[in-house]
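Read through the structure below, which is laid out as structure tokens, and then see the notes.
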Amino acid sequence: MPGTRREPVTDSAPNSQDSSRKEEPGGTMTFFEHLTELRKRIIHSLYAIGIGAFIGVYLSKYVVAWIDKPMLKALSDAGQAPKLIYTHPAGGLNLVITLGVYLGIVLASPVVLYQIWLFVAPALYKHERGAITGFMFSTVFLFLAGIAFGYFITLPYVLHFLVSPGSLFMIHDLQPMISINEYFDVTLLVLLGMGLMFELPVLIFFLSLFGIVTPQFLWKNARYAIAIISVVAAIVTPTPDATTMLVFMAPMIGLYFLGMGVSFIVTRRRERRIAAPAEAR
């Protein structure tokens, strides 16, 4: 009708996704602002590593005594003189500086992770921030668990095998004179290797999160995974005996099946999230 006035029709059911985005706005920084922020976080991280390295050099002489314990015990159990040497005039100084730098990275790691968080967090939604926090905690925890396993279990067994009089590689006419620098290299290889191996569940978590692998896929290909783990253990193991390789393999296989459980949980949550909009319709 010409004289009839129409009232505007309001949307009685607003889009919940749009409202959630209004509540949790993402980052609105320009490209150059992102570069400036990244530069700021990198500089702060380098400052933290420098201060940590300075403290680490001071603490390195105490840490060396802690690192030496497995080797000295293995020598003592083998009936050898529990003593380590260095064969270069600057060998002791190089060890202190190298160990100090590694300790500095470890001491500065909380600050570095916090700087990464400050750079990434503004562009994330609330639920994404919780996921990233859990990821960082799990990564650090598993890495430290791997280092602890390597120091208390793997390293003593490997050293005992290498210097034991009953070892196939020990000739009774020869006396071991272990260089502290070479021993530190072996220790670093074992501890870092075990720390990285313990990150396997985190890797499986990300692959499952993006739908690259599923628990059914992991279970079906478990035998191939065990074969790959065997090859990796053979490469990382500093000794050629099968028993030491099994010591490396056992936690990796256990972590693989733990990752399978993580994949099952992630896959179920993703399927429920995808099925929820379909059921609402």
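Residues are named by chain letter and number: chains run A, B, ... in the order of the structure tokens, numbers start at 1 in each chain, and ligands are numbered from 1 in the order shown.
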* Skipping near chain neighbours, those fewer than 4 positions away, what residues fall within 12 Å of Leu188 in chain A using only C-alpha atoms, listed as a list in words? -> Ile67, Thr98, Leu99, Tyr102, Ile147, Gly150, Tyr151, Leu155, Asn181, Glu182, Tyr183, Phe184, Leu192, Gly193, Met194, Gly195, Leu196, Val236 and Pro238 of chain A
* as number ranges by chain, which residues of range 22-262 of chain A does DSSP assign to alpha helix (DSSP H)? -> A: 22-23, 31-77, 91-120, 126-149, 155-163, 180-197, 200-209, 215-220, 222-236, 242-262
* **Contacts of Val112 in chain A within 10 Å, only C-alpha atoms, excl. fewer than 4 positions in-chain, as a list in words** => Arg41, Ile42, His44, Ser45, Leu46, Tyr47, Ala48, Ile49, Ile105, Val106, Leu107, Ala108, Ile116, Trp117 and Leu118 of chain A
* To do: Give me the residues within 12 Å of Gly211 in chain A as a list of chain:residue names, counting only C-alpha atoms and dropping any in the same chain fewer than 2 places off.
  =>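 Contacts, with the query itself left out: A:Ile204, A:Phe205, A:Phe206, A:Leu207, A:Ser208, A:Leu209, A:Val213, A:Thr214, A:Pro215, A:Gln216, A:Phe217, A:Ser263, A:Phe264, A:Val266, A:Thr267, A:Arg268, A:Arg269, A:Arg270, A:Glu271.
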Expected file contents, prior selection, N, CA, C and O atoms, as an mmCIF file, in the first residue's frame:
data_model
loop_
_atom_site.group_PDB
_atom_site.id
_atom_site.type_symbol
_atom_site.label_atom_id
_atom_site.label_comp_id
_atom_site.auth_asym_id
_atom_site.auth_seq_id
_atom_site.Cartn_x
_atom_site.Cartn_y
_atom_site.Cartn_z
ATOM 1 N N ILE A 204 54.049 -35.727 16.409
ATOM 2 C CA ILE A 204 52.825 -36.445 16.026
ATOM 3 C C ILE A 204 51.599 -35.579 16.294
ATOM 4 O O ILE A 204 50.617 -35.613 15.530
ATOM 5 N N PHE A 205 51.624 -34.787 17.368
ATOM 6 C CA PHE A 205 50.505 -33.893 17.675
ATOM 7 C C PHE A 205 50.260 -32.918 16.529
ATOM 8 O O PHE A 205 49.120 -32.717 16.092
ATOM 9 N N PHE A 206 51.325 -32.298 16.015
ATOM 10 C CA PHE A 206 51.155 -31.337 14.937
ATOM 11 C C PHE A 206 50.709 -32.019 13.645
ATOM 12 O O PHE A 206 49.853 -31.497 12.923
ATOM 13 N N LEU A 207 51.276 -33.175 13.360
ATOM 14 C CA LEU A 207 50.857 -33.895 12.152
ATOM 15 C C LEU A 207 49.388 -34.290 12.233
ATOM 16 O O LEU A 207 48.657 -34.238 11.236
ATOM 17 N N SER A 208 48.933 -34.672 13.418
ATOM 18 C CA SER A 208 47.521 -35.025 13.600
ATOM 19 C C SER A 208 46.629 -33.793 13.567
ATOM 20 O O SER A 208 45.495 -33.844 13.077
ATOM 21 N N LEU A 209 47.122 -32.682 14.086
ATOM 22 C CA LEU A 209 46.341 -31.452 14.123
ATOM 23 C C LEU A 209 46.005 -30.972 12.718
ATOM 24 O O LEU A 209 44.903 -30.465 12.472
ATOM 25 N N VAL A 213 48.416 -37.191 9.617
ATOM 26 C CA VAL A 213 48.406 -38.579 10.092
ATOM 27 C C VAL A 213 47.175 -38.782 10.976
ATOM 28 O O VAL A 213 46.625 -37.831 11.530
ATOM 29 N N THR A 214 46.768 -40.030 11.101
ATOM 30 C CA THR A 214 45.656 -40.430 11.960
ATOM 31 C C THR A 214 46.122 -41.590 12.838
ATOM 32 O O THR A 214 47.126 -42.246 12.511
ATOM 33 N N PRO A 215 45.424 -41.875 13.935
ATOM 34 C CA PRO A 215 45.832 -43.026 14.758
ATOM 35 C C PRO A 215 45.773 -44.341 13.992
ATOM 36 O O PRO A 215 46.585 -45.238 14.223
ATOM 37 N N GLN A 216 44.818 -44.462 13.061
ATOM 38 C CA GLN A 216 44.748 -45.680 12.249
ATOM 39 C C GLN A 216 45.978 -45.807 11.360
ATOM 40 O O GLN A 216 46.541 -46.902 11.207
ATOM 41 N N PHE A 217 46.423 -44.670 10.797
ATOM 42 C CA PHE A 217 47.627 -44.682 9.963
ATOM 43 C C PHE A 217 48.852 -45.056 10.786
ATOM 44 O O PHE A 217 49.707 -45.842 10.342
ATOM 45 N N SER A 263 47.436 -38.613 19.077
ATOM 46 C CA SER A 263 46.783 -38.482 17.775
ATOM 47 C C SER A 263 45.313 -38.881 17.853
ATOM 48 O O SER A 263 44.453 -38.257 17.225
ATOM 49 N N PHE A 264 45.005 -39.898 18.638
ATOM 50 C CA PHE A 264 43.615 -40.335 18.792
ATOM 51 C C PHE A 264 42.768 -39.228 19.428
ATOM 52 O O PHE A 264 41.653 -38.935 18.979
ATOM 53 N N VAL A 266 43.440 -35.916 19.497
ATOM 54 C CA VAL A 266 43.360 -34.760 18.601
ATOM 55 C C VAL A 266 42.383 -35.033 17.465
ATOM 56 O O VAL A 266 41.566 -34.167 17.096
ATOM 57 N N THR A 267 42.435 -36.244 16.899
ATOM 58 C CA THR A 267 41.547 -36.578 15.783
ATOM 59 C C THR A 267 40.087 -36.575 16.216
ATOM 60 O O THR A 267 39.210 -36.078 15.491
ATOM 61 N N ARG A 268 39.798 -37.103 17.391
ATOM 62 C CA ARG A 268 38.416 -37.113 17.878
ATOM 63 C C ARG A 268 37.898 -35.704 18.105
ATOM 64 O O ARG A 268 36.752 -35.386 17.776
ATOM 65 N N ARG A 269 38.720 -34.843 18.662
ATOM 66 C CA ARG A 269 38.290 -33.456 18.891
ATOM 67 C C ARG A 269 38.049 -32.744 17.570
ATOM 68 O O ARG A 269 37.091 -31.961 17.449
ATOM 69 N N ARG A 270 38.900 -32.978 16.585
ATOM 70 C CA ARG A 270 38.703 -32.329 15.289
ATOM 71 C C ARG A 270 37.429 -32.817 14.618
ATOM 72 O O ARG A 270 36.682 -32.033 14.021
ATOM 73 N N GLU A 271 37.151 -34.116 14.704
ATOM 74 C CA GLU A 271 35.925 -34.664 14.118
ATOM 75 C C GLU A 271 34.685 -34.103 14.801
ATOM 76 O O GLU A 271 33.682 -33.807 14.147
#
* Quick one, how far is CA of Gly146 in chain A from CA of Phe248 in chain A? ->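 So the answer is 10.8 Å.
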* Among listed residues A:Leu84, A:Ala250, A:Ala225, A:Ala242, nearest Ile178 in chain A (using only C-alpha atoms) ->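 Once distances to Ile178 in chain A are computed over only C-alpha atoms, the minimum belongs to A:Leu84.
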* Asked: So which residues touch Phe54 in chain A within 10 Å, counting only C-alpha atoms, skipping near sequence neighbours fewer than 2 positions away, as a PyMOL selection string?
  -> chain A and resi 48-52+56-59+97+100-101+103-104
* **Atom pair CA of Leu191 in chain A / CA of Phe149 in chain A: separation (Å)** => 8.3 Å
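Distance annotation: of A:Met177, A:Ala275, A:Ile153, A:Val186, the residue with the minimal separation from Gln80 in chain A is A:Met177; atom set is only C-alpha atoms.
With distances restricted to only C-alpha atoms, A:Val247 is the closest residue to Tyr157 in chain A from A:Val247, A:Leu72, A:Val63, A:Ile228.
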